[in-house]
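Student: Input file: input.txt. Contents: compact mmCIF, N, CA and C atoms.
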# COMPACT_ATOMS: atom_id res chain seq x y z
N MET A 8 33.05 29.39 -8.39
CA MET A 8 32.91 28.05 -7.86
C MET A 8 31.46 27.76 -7.57
N GLY A 9 31.09 26.49 -7.67
CA GLY A 9 29.71 26.09 -7.48
C GLY A 9 29.46 25.55 -6.09
N GLY A 10 29.79 26.30 -5.04
CA GLY A 10 29.56 25.83 -3.68
C GLY A 10 28.20 26.25 -3.17
N LEU A 11 27.80 25.72 -2.03
CA LEU A 11 26.54 26.08 -1.42
C LEU A 11 26.76 27.28 -0.52
N ASN A 12 25.93 28.28 -0.68
CA ASN A 12 26.01 29.47 0.15
C ASN A 12 24.73 29.62 0.93
N SER A 13 24.83 30.00 2.17
CA SER A 13 23.66 30.21 3.00
C SER A 13 23.49 31.70 3.22
N THR A 14 22.30 32.20 2.95
CA THR A 14 22.04 33.62 3.15
C THR A 14 21.18 33.79 4.39
N SER A 15 21.07 35.01 4.85
CA SER A 15 20.22 35.26 6.02
C SER A 15 18.78 34.91 5.71
N GLU A 16 18.38 35.08 4.44
CA GLU A 16 17.01 34.72 4.04
C GLU A 16 16.77 33.22 4.21
N ASP A 17 17.79 32.40 3.79
CA ASP A 17 17.67 30.96 3.95
C ASP A 17 17.59 30.58 5.43
N THR A 18 18.40 31.24 6.26
CA THR A 18 18.41 30.96 7.69
C THR A 18 17.06 31.29 8.30
N GLU A 19 16.47 32.42 7.90
CA GLU A 19 15.15 32.80 8.42
C GLU A 19 14.10 31.78 8.00
N ARG A 20 14.16 31.31 6.75
CA ARG A 20 13.21 30.32 6.26
C ARG A 20 13.35 29.02 7.05
N ASP A 21 14.60 28.58 7.30
CA ASP A 21 14.83 27.38 8.10
C ASP A 21 14.29 27.55 9.51
N ASP A 22 14.49 28.73 10.10
CA ASP A 22 13.98 29.00 11.44
C ASP A 22 12.46 28.92 11.47
N ASP A 23 11.80 29.44 10.41
CA ASP A 23 10.33 29.38 10.33
C ASP A 23 9.85 27.93 10.28
N ILE A 24 10.55 27.11 9.49
CA ILE A 24 10.16 25.70 9.37
C ILE A 24 10.28 25.01 10.72
N HIS A 25 11.40 25.23 11.43
CA HIS A 25 11.59 24.60 12.74
C HIS A 25 10.58 25.11 13.75
N THR A 26 10.25 26.40 13.69
CA THR A 26 9.28 26.97 14.62
C THR A 26 7.92 26.33 14.39
N LYS A 27 7.51 26.19 13.12
CA LYS A 27 6.21 25.57 12.83
C LYS A 27 6.19 24.13 13.29
N ARG A 28 7.27 23.40 13.08
CA ARG A 28 7.33 22.01 13.49
C ARG A 28 7.31 21.90 15.02
N ASP A 29 8.02 22.80 15.70
CA ASP A 29 8.08 22.77 17.16
C ASP A 29 6.75 23.15 17.80
N ASN A 30 5.92 23.92 17.08
CA ASN A 30 4.66 24.38 17.63
C ASN A 30 3.50 23.43 17.34
N PHE A 31 3.77 22.29 16.71
CA PHE A 31 2.71 21.33 16.43
C PHE A 31 2.31 20.62 17.72
N HIS A 32 1.04 20.62 18.01
CA HIS A 32 0.52 19.94 19.19
C HIS A 32 -0.62 19.03 18.76
N LEU A 33 -0.62 17.81 19.26
CA LEU A 33 -1.67 16.86 18.91
C LEU A 33 -3.04 17.40 19.28
N GLU A 34 -3.13 18.16 20.38
CA GLU A 34 -4.42 18.69 20.82
C GLU A 34 -5.01 19.66 19.80
N ALA A 35 -4.14 20.33 19.01
CA ALA A 35 -4.62 21.29 18.03
C ALA A 35 -5.37 20.59 16.89
N ASN A 36 -5.00 19.38 16.58
CA ASN A 36 -5.66 18.59 15.55
C ASN A 36 -5.91 17.21 16.12
N PRO A 37 -7.06 17.00 16.74
CA PRO A 37 -7.28 15.75 17.46
C PRO A 37 -7.43 14.52 16.57
N GLU A 38 -7.68 14.71 15.27
CA GLU A 38 -7.89 13.55 14.41
C GLU A 38 -6.56 12.99 13.92
N ILE A 39 -6.51 11.67 13.80
CA ILE A 39 -5.33 10.99 13.27
C ILE A 39 -5.74 10.10 12.11
N LYS A 40 -4.78 9.78 11.27
CA LYS A 40 -5.02 8.84 10.18
C LYS A 40 -4.43 7.49 10.57
N ILE A 41 -5.19 6.44 10.31
CA ILE A 41 -4.71 5.08 10.54
C ILE A 41 -5.01 4.26 9.30
N VAL A 42 -4.37 3.12 9.20
CA VAL A 42 -4.64 2.19 8.11
C VAL A 42 -5.23 0.93 8.72
N VAL A 43 -6.40 0.55 8.24
CA VAL A 43 -7.05 -0.68 8.70
C VAL A 43 -6.88 -1.71 7.60
N ILE A 44 -6.32 -2.84 7.96
CA ILE A 44 -6.12 -3.93 7.00
C ILE A 44 -7.20 -4.97 7.25
N TYR A 45 -8.14 -5.08 6.31
CA TYR A 45 -9.25 -6.03 6.41
C TYR A 45 -8.78 -7.34 5.79
N GLU A 46 -8.35 -8.28 6.63
CA GLU A 46 -7.80 -9.54 6.15
C GLU A 46 -8.89 -10.51 5.71
N GLN A 47 -8.59 -11.23 4.65
CA GLN A 47 -9.47 -12.27 4.13
C GLN A 47 -8.78 -13.61 4.27
N PRO A 48 -9.53 -14.70 4.46
CA PRO A 48 -8.92 -16.03 4.65
C PRO A 48 -8.00 -16.47 3.51
N GLN A 49 -8.26 -16.01 2.29
CA GLN A 49 -7.45 -16.43 1.15
C GLN A 49 -6.09 -15.74 1.14
N GLY A 50 -5.82 -14.89 2.14
CA GLY A 50 -4.56 -14.16 2.17
C GLY A 50 -4.64 -12.80 1.49
N THR A 51 -5.81 -12.50 0.96
CA THR A 51 -6.00 -11.19 0.34
C THR A 51 -6.53 -10.24 1.39
N GLY A 52 -6.63 -9.00 1.05
CA GLY A 52 -7.14 -8.05 2.02
C GLY A 52 -7.48 -6.72 1.38
N LEU A 53 -8.04 -5.87 2.18
CA LEU A 53 -8.44 -4.54 1.75
C LEU A 53 -7.81 -3.55 2.72
N HIS A 54 -7.18 -2.52 2.19
CA HIS A 54 -6.59 -1.49 3.04
C HIS A 54 -7.51 -0.28 3.06
N LEU A 55 -7.89 0.14 4.25
CA LEU A 55 -8.74 1.30 4.42
C LEU A 55 -7.96 2.37 5.17
N CYS A 56 -7.85 3.55 4.60
CA CYS A 56 -7.21 4.68 5.28
C CYS A 56 -8.31 5.51 5.91
N LEU A 57 -8.29 5.61 7.23
CA LEU A 57 -9.33 6.31 7.96
C LEU A 57 -8.76 7.47 8.76
N THR A 58 -9.51 8.56 8.84
CA THR A 58 -9.17 9.67 9.71
C THR A 58 -10.21 9.68 10.82
N LEU A 59 -9.72 9.64 12.05
CA LEU A 59 -10.66 9.55 13.17
C LEU A 59 -10.11 10.21 14.42
N ASP A 60 -10.98 10.38 15.38
CA ASP A 60 -10.61 10.97 16.67
C ASP A 60 -10.13 9.85 17.58
N PRO A 61 -8.87 9.86 18.02
CA PRO A 61 -8.35 8.77 18.83
C PRO A 61 -8.94 8.70 20.24
N SER A 62 -9.69 9.71 20.64
CA SER A 62 -10.31 9.66 21.97
C SER A 62 -11.62 8.88 21.96
N GLN A 63 -12.12 8.52 20.78
CA GLN A 63 -13.34 7.72 20.66
C GLN A 63 -13.06 6.28 21.11
N PRO A 64 -14.05 5.62 21.69
CA PRO A 64 -13.84 4.21 22.07
C PRO A 64 -13.72 3.31 20.84
N THR A 65 -13.12 2.17 21.02
CA THR A 65 -12.94 1.21 19.93
C THR A 65 -14.28 0.81 19.34
N THR A 66 -15.34 0.80 20.16
CA THR A 66 -16.67 0.44 19.64
C THR A 66 -17.10 1.40 18.53
N SER A 67 -16.67 2.65 18.59
CA SER A 67 -17.00 3.61 17.54
C SER A 67 -16.33 3.23 16.22
N LEU A 68 -15.06 2.81 16.29
CA LEU A 68 -14.36 2.35 15.09
C LEU A 68 -15.03 1.10 14.54
N LYS A 69 -15.44 0.19 15.42
CA LYS A 69 -16.14 -1.02 14.97
C LYS A 69 -17.44 -0.66 14.24
N ALA A 70 -18.17 0.31 14.76
CA ALA A 70 -19.41 0.74 14.12
C ALA A 70 -19.14 1.30 12.72
N ASP A 71 -18.08 2.08 12.59
CA ASP A 71 -17.71 2.61 11.27
C ASP A 71 -17.35 1.49 10.31
N LEU A 72 -16.59 0.50 10.79
CA LEU A 72 -16.20 -0.62 9.93
C LEU A 72 -17.40 -1.48 9.56
N THR A 73 -18.35 -1.62 10.48
CA THR A 73 -19.59 -2.35 10.18
C THR A 73 -20.33 -1.65 9.05
N HIS A 74 -20.40 -0.34 9.12
CA HIS A 74 -21.08 0.45 8.08
C HIS A 74 -20.37 0.28 6.73
N LEU A 75 -19.03 0.28 6.73
CA LEU A 75 -18.27 0.19 5.49
C LEU A 75 -18.25 -1.20 4.87
N THR A 76 -18.22 -2.24 5.72
CA THR A 76 -18.01 -3.60 5.21
C THR A 76 -19.22 -4.52 5.32
N GLY A 77 -20.15 -4.17 6.20
CA GLY A 77 -21.31 -5.04 6.41
C GLY A 77 -21.06 -6.15 7.42
N VAL A 78 -19.85 -6.22 7.99
CA VAL A 78 -19.56 -7.24 9.01
C VAL A 78 -20.15 -6.75 10.33
N PRO A 79 -21.04 -7.53 10.97
CA PRO A 79 -21.63 -7.10 12.24
C PRO A 79 -20.55 -6.83 13.30
N ALA A 80 -20.76 -5.78 14.08
CA ALA A 80 -19.77 -5.35 15.08
C ALA A 80 -19.38 -6.47 16.04
N GLU A 81 -20.32 -7.34 16.38
CA GLU A 81 -20.00 -8.42 17.32
C GLU A 81 -19.03 -9.45 16.74
N HIS A 82 -18.83 -9.41 15.42
CA HIS A 82 -17.90 -10.34 14.78
C HIS A 82 -16.59 -9.66 14.36
N VAL A 83 -16.46 -8.36 14.66
CA VAL A 83 -15.25 -7.62 14.30
C VAL A 83 -14.19 -7.81 15.37
N LEU A 84 -13.02 -8.25 14.94
CA LEU A 84 -11.86 -8.37 15.82
C LEU A 84 -10.82 -7.38 15.32
N LEU A 85 -10.37 -6.47 16.20
CA LEU A 85 -9.36 -5.47 15.83
C LEU A 85 -8.08 -5.75 16.60
N ILE A 86 -6.98 -5.79 15.86
CA ILE A 86 -5.68 -6.13 16.45
C ILE A 86 -4.70 -5.00 16.13
N HIS A 87 -4.01 -4.54 17.18
CA HIS A 87 -3.00 -3.50 17.03
C HIS A 87 -1.73 -3.97 17.72
N LYS A 88 -0.65 -4.05 16.98
CA LYS A 88 0.64 -4.50 17.51
C LYS A 88 0.50 -5.84 18.26
N LEU A 89 -0.19 -6.78 17.61
CA LEU A 89 -0.38 -8.15 18.10
C LEU A 89 -1.26 -8.26 19.34
N LYS A 90 -1.99 -7.19 19.68
CA LYS A 90 -2.89 -7.23 20.82
C LYS A 90 -4.31 -6.88 20.37
N LYS A 91 -5.27 -7.62 20.91
CA LYS A 91 -6.68 -7.34 20.63
C LYS A 91 -7.05 -6.01 21.29
N LEU A 92 -7.72 -5.13 20.52
CA LEU A 92 -8.15 -3.86 21.09
C LEU A 92 -9.36 -4.05 22.00
N ASN A 93 -9.34 -3.37 23.12
CA ASN A 93 -10.42 -3.41 24.10
C ASN A 93 -11.54 -2.47 23.64
N ASP A 94 -12.76 -2.97 23.56
CA ASP A 94 -13.89 -2.19 23.07
C ASP A 94 -14.18 -0.94 23.91
N GLU A 95 -13.94 -1.02 25.19
CA GLU A 95 -14.31 0.07 26.10
C GLU A 95 -13.27 1.18 26.18
N LEU A 96 -12.04 0.91 25.76
CA LEU A 96 -10.98 1.91 25.82
C LEU A 96 -10.88 2.68 24.51
N SER A 97 -10.35 3.88 24.60
CA SER A 97 -10.14 4.67 23.39
C SER A 97 -8.90 4.15 22.66
N LEU A 98 -8.77 4.55 21.41
CA LEU A 98 -7.59 4.17 20.65
C LEU A 98 -6.34 4.80 21.28
N ARG A 99 -6.48 6.03 21.75
CA ARG A 99 -5.35 6.72 22.39
C ARG A 99 -4.90 5.95 23.64
N ASP A 100 -5.86 5.47 24.44
CA ASP A 100 -5.53 4.70 25.65
C ASP A 100 -4.80 3.40 25.33
N GLN A 101 -4.94 2.94 24.09
CA GLN A 101 -4.31 1.68 23.67
C GLN A 101 -3.09 1.93 22.79
N ALA A 102 -2.57 3.16 22.87
CA ALA A 102 -1.32 3.56 22.19
C ALA A 102 -1.39 3.51 20.67
N VAL A 103 -2.59 3.73 20.09
CA VAL A 103 -2.70 3.83 18.64
C VAL A 103 -2.27 5.24 18.26
N GLU A 104 -1.30 5.32 17.37
CA GLU A 104 -0.72 6.60 16.97
C GLU A 104 -0.98 6.86 15.50
N PRO A 105 -0.76 8.11 15.05
CA PRO A 105 -0.95 8.42 13.63
C PRO A 105 -0.16 7.46 12.74
N ASN A 106 -0.80 7.05 11.66
CA ASN A 106 -0.24 6.16 10.64
C ASN A 106 0.00 4.73 11.12
N ASP A 107 -0.55 4.35 12.25
CA ASP A 107 -0.45 2.97 12.72
C ASP A 107 -1.36 2.07 11.88
N PHE A 108 -1.07 0.78 11.93
CA PHE A 108 -1.87 -0.23 11.26
C PHE A 108 -2.72 -0.97 12.29
N ILE A 109 -3.97 -1.21 11.94
CA ILE A 109 -4.87 -2.03 12.75
C ILE A 109 -5.38 -3.13 11.84
N VAL A 110 -5.28 -4.35 12.31
CA VAL A 110 -5.77 -5.50 11.53
C VAL A 110 -7.23 -5.74 11.91
N PHE A 111 -8.07 -5.90 10.90
CA PHE A 111 -9.51 -6.12 11.06
C PHE A 111 -9.82 -7.52 10.55
N ARG A 112 -10.37 -8.36 11.43
CA ARG A 112 -10.75 -9.72 11.04
C ARG A 112 -12.22 -9.96 11.37
N ASP A 113 -12.86 -10.72 10.51
CA ASP A 113 -14.22 -11.17 10.74
C ASP A 113 -14.11 -12.51 11.48
N GLN A 114 -14.54 -12.54 12.74
CA GLN A 114 -14.37 -13.74 13.57
C GLN A 114 -15.17 -14.94 13.09
N ARG A 115 -16.11 -14.75 12.17
CA ARG A 115 -16.88 -15.87 11.64
C ARG A 115 -16.07 -16.68 10.64
N LEU A 116 -14.96 -16.13 10.15
CA LEU A 116 -14.16 -16.78 9.11
C LEU A 116 -12.97 -17.48 9.73
N SER A 117 -12.44 -18.48 9.02
CA SER A 117 -11.26 -19.20 9.46
C SER A 117 -10.04 -18.65 8.73
N TYR A 118 -8.97 -18.42 9.50
CA TYR A 118 -7.73 -17.90 8.94
C TYR A 118 -6.65 -18.93 9.14
N SER A 119 -5.77 -19.08 8.15
CA SER A 119 -4.68 -20.06 8.24
C SER A 119 -3.36 -19.40 8.66
N PHE A 120 -3.42 -18.14 9.05
CA PHE A 120 -2.22 -17.44 9.49
C PHE A 120 -2.54 -16.71 10.79
N PRO A 121 -1.50 -16.37 11.59
CA PRO A 121 -1.75 -15.78 12.92
C PRO A 121 -2.42 -14.42 12.87
Turn the structure described in the file into structure tokens.

Tutor:
Amino acid sequence: MGGLNSTSEDTERDDDIHTKRDNFHLEANPEIKIVVIYEQPQGTGLHLCLTLDPSQPTTSLKADLTHLTGVPAEHVLLIHKLKKLNDELSLRDQAVEPNDFIVFRDQRLSYSFP
């Protein structure tokens, strides 16, 4: 018969996988990946996948985006879960988690959508 059989070797392998997953701690790898969506007024945009330290202040992310896009930091607006990010707080303090999306807008431009 073609049934599924579990061996002690399979059980040990499953236990190893669960142990590795259970031992993962954010402190062990402080960097997270996020996706920054650089919106353009025409409805187009650019997706940037960034790996960064979430304990850095938002101003650090703005500086990185200024370097990548040429948009001056004073004109960068960052939005996470419909809230403007505070420049003085870290991303972690503002509940930015791995694989989250942050919307990046140039405040000098006019947008026809929220």

Student: Give the alpha helix (DSSP H) residues of segment 38-109 of chain A, as assigned by DSSP on the backbone, as number ranges by chain.

Tutor: A: 65-76

Student: Residues of the last selection are to be written out with N, CA and C atoms, as a compact mmCIF listing (two decimals), in the frame of the given file.

Tutor:
# COMPACT_ATOMS: atom_id res chain seq x y z
N THR A 65 -13.12 2.17 21.02
CA THR A 65 -12.94 1.21 19.93
C THR A 65 -14.28 0.81 19.34
N THR A 66 -15.34 0.80 20.16
CA THR A 66 -16.67 0.44 19.64
C THR A 66 -17.10 1.40 18.53
N SER A 67 -16.67 2.65 18.59
CA SER A 67 -17.00 3.61 17.54
C SER A 67 -16.33 3.23 16.22
N LEU A 68 -15.06 2.81 16.29
CA LEU A 68 -14.36 2.35 15.09
C LEU A 68 -15.03 1.10 14.54
N LYS A 69 -15.44 0.19 15.42
CA LYS A 69 -16.14 -1.02 14.97
C LYS A 69 -17.44 -0.66 14.24
N ALA A 70 -18.17 0.31 14.76
CA ALA A 70 -19.41 0.74 14.12
C ALA A 70 -19.14 1.30 12.72
N ASP A 71 -18.08 2.08 12.59
CA ASP A 71 -17.71 2.61 11.27
C ASP A 71 -17.35 1.49 10.31
N LEU A 72 -16.59 0.50 10.79
CA LEU A 72 -16.20 -0.62 9.93
C LEU A 72 -17.40 -1.48 9.56
N THR A 73 -18.35 -1.62 10.48
CA THR A 73 -19.59 -2.35 10.18
C THR A 73 -20.33 -1.65 9.05
N HIS A 74 -20.40 -0.34 9.12
CA HIS A 74 -21.08 0.45 8.08
C HIS A 74 -20.37 0.28 6.73
N LEU A 75 -19.03 0.28 6.73
CA LEU A 75 -18.27 0.19 5.49
C LEU A 75 -18.25 -1.20 4.87
N THR A 76 -18.22 -2.24 5.72
CA THR A 76 -18.01 -3.60 5.21
C THR A 76 -19.22 -4.52 5.32

Student: For Glu46 of chain A, please output as an NGL selection string all residues within 6 Å (counting all atoms listed in the file; exclusion window: fewer than 2 positions along the same chain).

Tutor: :A and (44 or 48 or 51-53 or 110-112)

Student: Those same residues - N, CA and C atoms - I'd like them written as a PDB file, in the coordinates of the input.

Tutor:
ATOM      1  N   ILE A  44      -6.320  -2.840   7.960  1.00  0.00           N
ATOM      2  CA  ILE A  44      -6.120  -3.930   7.000  1.00  0.00           C
ATOM      3  C   ILE A  44      -7.200  -4.970   7.250  1.00  0.00           C
ATOM      4  N   PRO A  48      -9.530 -14.700   4.460  1.00  0.00           N
ATOM      5  CA  PRO A  48      -8.920 -16.030   4.650  1.00  0.00           C
ATOM      6  C   PRO A  48      -8.000 -16.470   3.510  1.00  0.00           C
ATOM      7  N   THR A  51      -5.810 -12.500   0.960  1.00  0.00           N
ATOM      8  CA  THR A  51      -6.000 -11.190   0.340  1.00  0.00           C
ATOM      9  C   THR A  51      -6.530 -10.240   1.390  1.00  0.00           C
ATOM     10  N   GLY A  52      -6.630  -9.000   1.050  1.00  0.00           N
ATOM     11  CA  GLY A  52      -7.140  -8.050   2.020  1.00  0.00           C
ATOM     12  C   GLY A  52      -7.480  -6.720   1.380  1.00  0.00           C
ATOM     13  N   LEU A  53      -8.040  -5.870   2.180  1.00  0.00           N
ATOM     14  CA  LEU A  53      -8.440  -4.540   1.750  1.00  0.00           C
ATOM     15  C   LEU A  53      -7.810  -3.550   2.720  1.00  0.00           C
ATOM     16  N   VAL A 110      -5.280  -4.350  12.310  1.00  0.00           N
ATOM     17  CA  VAL A 110      -5.770  -5.500  11.530  1.00  0.00           C
ATOM     18  C   VAL A 110      -7.230  -5.740  11.910  1.00  0.00           C
ATOM     19  N   PHE A 111      -8.070  -5.900  10.900  1.00  0.00           N
ATOM     20  CA  PHE A 111      -9.510  -6.120  11.060  1.00  0.00           C
ATOM     21  C   PHE A 111      -9.820  -7.520  10.550  1.00  0.00           C
ATOM     22  N   ARG A 112     -10.370  -8.360  11.430  1.00  0.00           N
ATOM     23  CA  ARG A 112     -10.750  -9.720  11.040  1.00  0.00           C
ATOM     24  C   ARG A 112     -12.220  -9.960  11.370  1.00  0.00           C
TER      25      ARG A 112
END

Student: How many Å separate atom C of Pro105 of chain A from atom CA of Gln63 of chain A?

Tutor: 15.4 Å

Student: With only N, CA and C atoms as the basis for distance, which of A:Lys40, A:Lys91, A:His74, A:Arg99 is at the shortest distance from Thr58 of chain A?

Tutor: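 Counting only N, CA and C atoms, the residue closest to Thr58 of chain A is A:Lys40.
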
Student: Using only N, CA and C atoms, determine which residues lie at most 8 Å from Val78 of chain A, disregarding the query and same-chain residues fewer than 6 positions distant; provide the list as number ranges by chain.

Tutor: A: 69, 72, 113

Student: Segment 95-112 of chain A, all listed atoms, 3 Å padding on each side: what axis-aligned box centre and edge lengths in Å to one decimal come out, as AutoDock Vina command-line options?

Tutor:
--center_x -7.2 --center_y -0.8 --center_z 18.4 --size_x 20.3 --size_y 24.4 --size_z 21.6

Student: Nearest to His82 of chain A: which of A:Gln47, A:Asn106, A:Gln114, A:Thr66 is it, counting all atoms listed in the file?

Tutor: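 Among the listed residues, the smallest separation from His82 of chain A belongs to A:Gln114.
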
Student: Would you list the residues near (-6.9, 3.8, 20.5) (no more than 7 Å away, in the coordinates of the file, using all atoms listed in the file) as a PyMOL selection string?

Tutor: chain A and resi 61-65+96-104

Student: Using all atoms listed in the file, determine which residues lie at most 6.5 Å from Leu55 of chain A, disregarding the query and same-chain residues fewer than 5 positions distant; provide the list as a list in words.

Tutor: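 Listed by chain and then number, they are Ile41, Val42, Val43, Ile44 and Tyr45 of chain A.
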